[in-house]
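Reproduced below: protein_13.cif, with mmCIF, C-alpha atoms.
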data_final
loop_
_atom_site.label_atom_id
_atom_site.label_comp_id
_atom_site.auth_asym_id
_atom_site.auth_seq_id
_atom_site.Cartn_x
_atom_site.Cartn_y
_atom_site.Cartn_z
CA MET A 25 30.15 -200.05 -75.56
CA ALA A 26 33.75 -199.14 -74.80
CA GLU A 27 34.04 -197.56 -78.23
CA PHE A 28 30.90 -195.52 -77.57
CA TRP A 29 32.32 -194.03 -74.38
CA SER A 30 35.66 -193.41 -76.04
CA TRP A 31 33.83 -190.91 -78.26
CA ILE A 32 31.34 -189.52 -75.74
CA LEU A 33 33.73 -188.70 -72.90
CA PRO A 34 36.07 -186.51 -74.98
CA LEU A 35 33.05 -184.71 -76.46
CA LEU A 36 31.65 -184.07 -73.01
CA LEU A 37 35.02 -182.77 -71.87
CA VAL A 38 35.21 -180.38 -74.83
CA PHE A 39 31.63 -179.27 -74.13
CA VAL A 40 32.37 -178.49 -70.48
CA ILE A 41 35.57 -176.60 -71.36
CA LEU A 42 33.88 -174.51 -74.05
CA PHE A 43 30.90 -173.82 -71.80
CA ASN A 44 33.20 -172.40 -69.14
CA ILE A 45 35.70 -170.46 -71.28
CA SER A 46 33.64 -169.27 -74.27
CA PRO A 47 30.93 -166.66 -73.53
CA LYS A 48 29.40 -167.15 -76.99
CA PHE A 49 29.20 -170.92 -76.62
CA ASN A 50 27.74 -170.46 -73.13
CA PHE A 51 25.17 -168.03 -74.57
CA ILE A 52 24.11 -170.43 -77.34
CA VAL A 53 23.85 -173.44 -75.03
CA LYS A 54 21.73 -171.63 -72.44
CA PHE A 55 19.24 -170.27 -74.97
CA ALA A 56 19.12 -173.63 -76.77
CA TYR A 57 18.37 -175.29 -73.43
CA LEU A 58 15.57 -172.82 -72.70
CA TYR A 59 13.91 -173.06 -76.11
CA ILE A 60 14.12 -176.86 -76.25
CA SER A 61 12.94 -177.20 -72.65
CA TYR A 62 9.97 -174.91 -73.21
CA MET A 63 8.95 -176.78 -76.36
CA CYS A 64 9.24 -180.16 -74.61
CA MET A 65 7.46 -178.90 -71.51
CA GLY A 66 4.66 -177.69 -73.77
CA LEU A 67 3.74 -181.34 -74.38
CA ILE A 68 3.82 -182.19 -70.67
CA ILE A 69 1.81 -179.08 -69.75
CA THR A 70 -0.75 -179.97 -72.43
CA VAL A 71 -1.28 -183.41 -70.90
CA LEU A 72 -1.55 -182.00 -67.37
CA CYS A 73 -3.98 -179.23 -68.35
CA LEU A 74 -6.30 -181.13 -70.72
CA PRO A 75 -8.67 -182.28 -67.94
CA ARG A 76 -9.45 -178.61 -67.10
CA PRO A 77 -8.72 -176.41 -70.15
CA ARG A 78 -8.09 -172.71 -69.44
CA ASP A 79 -8.64 -173.11 -65.72
CA PRO A 80 -6.73 -170.40 -63.75
CA GLU A 81 -4.98 -173.13 -61.75
CA ASN A 82 -3.31 -174.34 -64.95
CA GLY A 83 -1.28 -171.15 -65.17
CA VAL A 84 -0.27 -171.28 -61.51
CA MET A 85 0.80 -174.92 -61.80
CA THR A 86 2.74 -174.26 -65.01
CA ALA A 87 4.53 -171.28 -63.48
CA ARG A 88 5.66 -173.34 -60.52
CA ILE A 89 6.95 -176.10 -62.79
CA MET A 90 8.75 -173.73 -65.15
CA LYS A 91 10.48 -171.91 -62.29
CA HIS A 92 12.43 -175.13 -61.66
CA ILE A 93 13.31 -175.42 -65.37
CA ASN A 94 14.53 -171.81 -65.38
CA LYS A 95 16.89 -172.25 -62.40
CA VAL A 96 19.38 -174.15 -64.58
CA VAL A 97 20.52 -170.99 -66.42
CA GLY A 98 21.63 -169.33 -63.18
CA ILE A 99 19.33 -166.32 -62.80
CA GLU A 100 18.24 -165.33 -59.29
CA TRP A 101 14.95 -163.41 -59.28
CA ILE A 102 14.27 -160.93 -56.47
CA LEU A 103 10.66 -159.85 -56.11
CA GLU A 104 9.81 -156.48 -54.53
CA GLY A 105 6.36 -155.04 -53.90
CA GLU A 106 4.75 -158.46 -53.79
CA GLU A 107 1.82 -157.06 -51.79
CA HIS A 108 0.63 -155.11 -54.85
CA LEU A 109 0.08 -158.38 -56.70
CA ARG A 110 -2.44 -159.57 -54.12
CA ILE A 111 -5.46 -157.69 -55.40
CA ASP A 112 -8.87 -159.29 -55.77
CA SER A 113 -10.08 -157.31 -58.75
CA GLY A 114 -9.06 -157.71 -62.36
CA ALA A 115 -6.13 -155.58 -63.54
CA ILE A 116 -3.91 -154.86 -66.51
CA VAL A 117 -0.36 -155.88 -65.59
CA VAL A 118 2.17 -154.05 -67.77
CA LEU A 119 5.81 -155.19 -67.89
CA ASN A 120 8.83 -153.75 -69.66
CA HIS A 121 10.18 -156.03 -72.40
CA GLN A 122 13.92 -156.69 -72.84
CA SER A 123 14.27 -160.32 -73.87
CA SER A 124 12.52 -163.67 -74.13
CA LEU A 125 13.78 -164.12 -70.55
CA ASP A 126 10.94 -161.82 -69.49
CA VAL A 127 8.69 -164.88 -69.63
CA MET A 128 10.62 -166.12 -66.58
CA ALA A 129 9.67 -162.94 -64.71
CA MET A 130 6.06 -163.57 -65.65
CA PHE A 131 6.28 -167.05 -64.15
CA GLU A 132 7.73 -165.55 -60.94
CA ILE A 133 4.67 -163.35 -60.34
CA TRP A 134 1.98 -165.66 -61.73
CA PRO A 135 1.50 -167.85 -58.60
CA ILE A 136 0.93 -164.70 -56.53
CA LEU A 137 -1.51 -163.16 -59.01
CA LYS A 138 -3.31 -166.55 -59.11
CA LYS A 139 -5.92 -165.58 -61.72
CA ALA A 140 -3.78 -164.33 -64.59
CA ALA A 141 -3.58 -164.54 -68.36
CA PRO A 142 -0.88 -163.26 -70.73
CA ILE A 143 -1.82 -161.54 -73.97
CA ALA A 144 0.25 -162.85 -76.88
CA LYS A 145 0.35 -162.70 -80.66
CA LYS A 146 -1.77 -165.38 -82.32
CA SER A 147 1.13 -166.93 -84.25
CA ILE A 148 2.34 -168.54 -80.99
CA LEU A 149 -0.82 -170.64 -80.94
CA TYR A 150 0.45 -172.57 -83.96
CA LEU A 151 3.75 -173.66 -82.38
CA GLY A 152 2.62 -177.25 -81.87
CA PRO A 153 2.31 -178.52 -78.27
CA PHE A 154 3.84 -175.28 -76.97
CA GLY A 155 1.06 -173.20 -78.52
CA LEU A 156 -1.63 -175.59 -77.30
CA GLY A 157 -0.10 -175.52 -73.83
CA CYS A 158 -0.21 -171.71 -73.88
CA TRP A 159 -3.91 -171.82 -74.81
CA LEU A 160 -4.68 -174.34 -72.06
CA ILE A 161 -3.11 -172.15 -69.35
CA GLY A 162 -5.33 -169.24 -70.38
CA THR A 163 -3.26 -167.16 -72.80
CA VAL A 164 -5.34 -164.65 -74.77
CA PHE A 165 -4.22 -164.69 -78.40
CA ILE A 166 -4.60 -161.59 -80.55
CA ASP A 167 -4.19 -161.35 -84.30
CA ARG A 168 -2.71 -157.88 -84.67
CA ALA A 169 -3.46 -157.83 -88.40
CA SER A 170 -7.15 -158.56 -87.85
CA LYS A 171 -9.73 -155.78 -88.00
CA THR A 172 -11.37 -157.25 -84.91
CA SER A 173 -8.20 -157.31 -82.79
CA ARG A 174 -9.22 -154.29 -80.69
CA ASP A 175 -12.69 -155.72 -80.08
CA ASP A 176 -11.12 -159.07 -79.17
CA VAL A 177 -8.86 -157.43 -76.59
CA ASN A 178 -11.72 -155.36 -75.15
CA THR A 179 -13.84 -158.51 -74.83
CA ALA A 180 -10.97 -160.21 -72.98
CA GLY A 181 -10.78 -157.15 -70.72
CA LYS A 182 -14.47 -157.29 -69.82
CA GLN A 183 -14.20 -161.00 -69.07
CA ALA A 184 -11.13 -160.34 -66.93
CA MET A 185 -12.97 -157.67 -64.96
CA GLU A 186 -15.90 -160.02 -64.30
CA SER A 187 -13.70 -162.93 -63.24
CA GLY A 188 -11.01 -160.94 -61.38
CA THR A 189 -8.31 -162.02 -63.85
CA LYS A 190 -5.10 -160.04 -64.33
CA LEU A 191 -4.13 -159.61 -67.98
CA MET A 192 -0.35 -159.50 -68.45
CA ILE A 193 1.02 -157.55 -71.40
CA PHE A 194 4.24 -155.94 -72.67
CA PRO A 195 3.04 -152.48 -73.77
CA GLU A 196 6.23 -151.79 -75.75
CA GLY A 197 5.03 -154.42 -78.21
CA THR A 198 8.51 -155.67 -79.03
CA ARG A 199 11.77 -156.37 -77.22
CA ASN A 200 14.06 -153.50 -76.31
CA SER A 201 17.53 -154.97 -75.79
CA SER A 202 19.38 -151.64 -75.73
CA LYS A 203 21.46 -151.04 -72.62
CA ASN A 204 20.52 -147.42 -71.95
CA LEU A 205 17.81 -147.77 -69.27
CA SER A 206 15.11 -146.92 -71.79
CA MET A 207 11.73 -148.21 -72.87
CA LEU A 208 10.13 -148.07 -76.27
CA PRO A 209 6.97 -145.98 -76.66
CA PHE A 210 3.96 -147.76 -75.15
CA LYS A 211 1.20 -148.91 -77.46
CA LYS A 212 -2.31 -147.87 -76.47
CA GLY A 213 -4.00 -151.29 -76.57
CA ALA A 214 -3.50 -152.26 -72.92
CA PHE A 215 -4.66 -148.84 -71.76
CA HIS A 216 -7.79 -148.90 -73.92
CA VAL A 217 -8.66 -152.23 -72.29
CA ALA A 218 -8.09 -150.81 -68.80
CA LEU A 219 -10.37 -147.86 -69.51
CA SER A 220 -13.08 -149.91 -71.21
CA ALA A 221 -13.16 -152.52 -68.44
CA LYS A 222 -12.55 -149.95 -65.67
CA MET A 223 -9.57 -151.87 -64.32
CA PRO A 224 -6.41 -150.51 -62.64
CA ILE A 225 -2.99 -150.57 -64.29
CA LEU A 226 -0.43 -152.61 -62.35
CA PRO A 227 3.10 -151.61 -63.46
CA VAL A 228 5.83 -154.23 -63.10
CA VAL A 229 9.45 -153.26 -63.76
CA ILE A 230 12.15 -155.80 -64.51
CA SER A 231 15.66 -154.50 -63.85
CA GLU A 232 18.05 -154.25 -66.78
CA TYR A 233 19.78 -157.56 -67.49
CA SER A 234 23.40 -156.65 -66.85
CA PHE A 235 24.30 -160.34 -67.13
CA LEU A 236 22.91 -160.64 -70.67
CA ASP A 237 23.87 -159.03 -73.96
CA THR A 238 22.45 -160.45 -77.19
CA LYS A 239 24.74 -158.35 -79.38
CA LYS A 240 27.95 -159.31 -77.60
CA MET A 241 26.53 -162.79 -77.00
CA PHE A 242 27.15 -163.36 -73.33
CA PHE A 243 24.78 -164.82 -70.76
CA HIS A 244 26.35 -164.95 -67.30
CA PRO A 245 24.72 -166.06 -64.06
CA GLY A 246 23.17 -163.05 -62.37
CA LYS A 247 20.39 -161.41 -60.41
CA ALA A 248 17.33 -159.58 -61.68
CA VAL A 249 14.88 -157.55 -59.63
CA ILE A 250 11.16 -157.54 -60.33
CA ARG A 251 9.61 -154.50 -58.68
CA VAL A 252 5.82 -154.24 -58.58
CA LEU A 253 4.58 -150.65 -58.30
CA PRO A 254 1.33 -149.56 -56.65
CA PRO A 255 -1.72 -149.88 -58.92
CA ILE A 256 -2.71 -146.84 -60.96
CA ASP A 257 -6.41 -145.98 -60.65
CA THR A 258 -7.83 -145.40 -64.14
CA SER A 259 -11.17 -143.93 -63.02
CA ALA A 260 -9.90 -140.37 -63.50
CA TYR A 261 -9.01 -141.02 -67.16
CA ASP A 262 -11.03 -141.52 -70.33
CA LYS A 263 -10.42 -142.01 -74.05
CA GLU A 264 -9.51 -138.33 -74.44
CA THR A 265 -6.89 -138.42 -71.69
CA ILE A 266 -5.50 -141.88 -72.46
CA ASN A 267 -2.15 -140.35 -73.46
CA ASP A 268 -1.86 -138.88 -69.98
CA LEU A 269 -2.46 -142.32 -68.45
CA ILE A 270 0.20 -143.83 -70.70
CA GLU A 271 2.66 -141.08 -69.82
CA VAL A 272 2.08 -141.47 -66.07
CA THR A 273 2.59 -145.23 -66.28
CA ARG A 274 5.67 -145.07 -68.50
CA THR A 275 7.28 -142.27 -66.45
CA ARG A 276 6.91 -144.23 -63.21
CA MET A 277 8.30 -147.36 -64.79
CA LEU A 278 11.27 -145.52 -66.31
CA ALA A 279 12.06 -143.87 -62.98
CA THR A 280 11.96 -147.26 -61.27
CA LEU A 281 14.20 -148.79 -63.94
CA GLY A 282 16.74 -146.06 -63.22
CA GLU A 283 16.46 -146.57 -59.45
CA LEU A 284 17.11 -150.29 -59.79
CA ALA A 285 20.19 -149.63 -61.93
CA ALA A 286 21.51 -147.08 -59.41
CA LEU A 287 21.08 -149.56 -56.56
CA GLU A 288 22.97 -152.20 -58.51
CA GLU A 289 25.85 -149.78 -59.12
CA LYS A 290 26.03 -148.95 -55.41
CA LYS A 291 26.32 -152.64 -54.57
CA LYS A 292 29.17 -153.00 -57.07
CA ASP A 293 31.06 -150.08 -55.50
CA ARG A 294 30.96 -151.59 -52.00
#

Represent the structure from my file as structure tokens, please.
Amino acid sequence: MAEFWSWILPLLLVFVILFNISPKFNFIVKFAYLYISYMCMGLIITVLCLPRPRDPENGVMTARIMKHINKVVGIEWILEGEEHLRIDSGAIVVLNHQSSLDVMAMFEIWPILKKAAPIAKKSILYLGPFGLGCWLIGTVFIDRASKTSRDDVNTAGKQAMESGTKLMIFPEGTRNSSKNLSMLPFKKGAFHVALSAKMPILPVVISEYSFLDTKKMFFHPGKAVIRVLPPIDTSAYDKETINDLIEVTRTRMLATLGELAALEEKKKDR
């Protein structure tokens, strides 16, 4: 036993020193913690949700649990415009996409939305207990390569409208980790669903992660603002003017992203 601790204690000391002095080591450890934790929690969530598969309460419960898991990495989430999340009807919630950390932002708003379901690529479903856990909490999986993918999404939209569920989606389609207050072009899928199901668009903007840089490999403790904008009524738009709806949504979100960055700079200058 003494020999065991003679090895473990020096290793722990080296770990703590590297974690505090090496940004790259800190970066790797934090993401490793998150990925391993999420995979392990997938098994626990599966067990907890099996008695009531795809019940809306599963997502709310999971979000509350995962918020405690997420606290370890040192991000403080500040939610603004919470009142816009408290709508009774179904809606399409669109969020800007910077990193896998955006899932944390989703968990921050989920308990307030109550009836919510993320839209994700189908490959996630096959990630063992994690994928099964995602299915049990109500995730809508879409096979982008399938010819029926658009019909599948539209069907999910109609069901969401009938049940008052909010579908959460990243309209950029992929992560945009550039640090220039930009967003990638929005894909039309989410907006087609909103028009077909006659649901409002609910824009949610996550401030730029100044504490994170995947290229430079640093992941400091920090704050991130989640600002929920007023819903956008889609009744004035149709398939022919869908590009206008996308432009209105994206423009408002980009302006908000810039406002959040300006506010952060002002705080730094004080």

List the residues matched by the PyMOL selection byres ((chain A and resi 257-265) around 9) in the displayed structure as a PyMOL selection string, ordered by chain and then by residue number. chain A and resi 215-216+218-220+222-225+255-256+266-270

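Look at Lys211 of chain A: the protein and nucleic acid residues within 7 Å of it, using all atoms listed in the file and passing over chain neighbours fewer than 4 places away, are Pro195, Glu196 and Gly197 of chain A.
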
The distance between atom CA of Ala184 of chain A and atom CA of Val117 of chain A is 11.7 Å

Using only C-alpha atoms, which protein or nucleic acid residues come within 9 Å of segment 275-280 of chain A? Drop anything in the same chain fewer than 2 positions from it, and give the result as a ChimeraX atom specification. /A:119-120,205-207,227-229,231,251,253,270-273,282-285

Taking the file above as input, evaluate the PyMOL selection byres ((chain A and resi 62) around 12) and report the hits as JSON, numbers by chain. {"A": [55, 56, 57, 58, 59, 60, 61, 63, 64, 65, 66, 67, 68, 69, 70, 86, 87, 89, 90, 91, 92, 93, 94, 124, 125, 127, 128, 151, 152, 153, 154, 155, 157, 158]}

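Shortest separation to Val71 of chain A among A:Ile193, A:Ile102, A:Leu156, A:Leu33 occurs at residue A:Leu156, atoms counted being only C-alpha atoms.
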
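For the residues A:Ala129, A:Ile52, A:Met85, A:Met192, ranking by smallest atom-to-atom distance to Leu72 of chain A using all atoms listed in the file places A:Met85 first.
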
Pick the closest to Ile99 of chain A from A:Ala169, A:Ala248, A:Val177, A:Leu42: which is it, counting only C-alpha atoms? A:Ala248

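Separating atom CA of Ser147 of chain A from atom CA of Arg88 of chain A is a distance of 25.0 Å.
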
Select, from A:Tyr150, A:Glu132, A:Ile116, A:Asn200, the residue with the minimum atom-to-atom distance to Asn178 of chain A, counting all atoms listed in the file. A:Ile116

Counting all atoms listed in the file, closest pick from A:Gly98, A:Val249, A:Glu232, A:Arg110 relative to Ser201 of chain A is A:Glu232

Padding of 5 Å on every side, edges along x, y and z, all listed atoms of segment 219-233 of chain A included: what centre and edge lengths in Å, to one decimal, does that box have, as lines of an AutoDock Vina configuration file?
center_x = 3.3
center_y = -152.7
center_z = -66.8
size_x = 42.9
size_y = 19.7
size_z = 18.9

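Of the residues listed (A:Lys146, A:Lys203, A:Lys95, A:His108), A:Lys203 shows the shortest atom-to-atom separation from Thr238 of chain A; distances use all atoms listed in the file.
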
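A straight line drawn from atom CA of Leu149 of chain A to atom CA of Val217 of chain A is 21.8 Å long.
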
Within 10 Å of file point (22.3, -157.4, -72.6), counting all atoms listed in the file, expressed as an MDAnalysis selection string: chainID A and resid 122:123 200:203 232:243

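Every protein, DNA or RNA residue with an atom at most 7 Å from Phe165 of chain A, where only C-alpha atoms count and chain neighbours fewer than 6 positions away do not, is listed here: Ile143, Ala144, Lys145 and Lys146 of chain A.
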
The residues within 7 Å of (-4.1, -168.5, -66.2), using all atoms listed in the file and the coordinates of the file, should be reported as a compact mmCIF listing (two decimals) with C-alpha atoms, keeping the file's coordinate frame; which are they?
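Result file is point24.txt:
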# COMPACT_ATOMS: atom_id res chain seq x y z
CA ARG A 78 -8.09 -172.71 -69.44
CA ASP A 79 -8.64 -173.11 -65.72
CA PRO A 80 -6.73 -170.40 -63.75
CA GLU A 81 -4.98 -173.13 -61.75
CA ASN A 82 -3.31 -174.34 -64.95
CA GLY A 83 -1.28 -171.15 -65.17
CA VAL A 84 -0.27 -171.28 -61.51
CA LYS A 139 -5.92 -165.58 -61.72
CA ALA A 140 -3.78 -164.33 -64.59
CA ALA A 141 -3.58 -164.54 -68.36
CA ILE A 161 -3.11 -172.15 -69.35
CA GLY A 162 -5.33 -169.24 -70.38
CA THR A 163 -3.26 -167.16 -72.80

So that I can check the surroundings of Ser187 of chain A, please list as a PyMOL selection string every protein, DNA and RNA residue that reaches within 9 Å of it, counting only C-alpha atoms and ignoring chain neighbours fewer than 5 positions away. chain A and resi 113-114+139+182
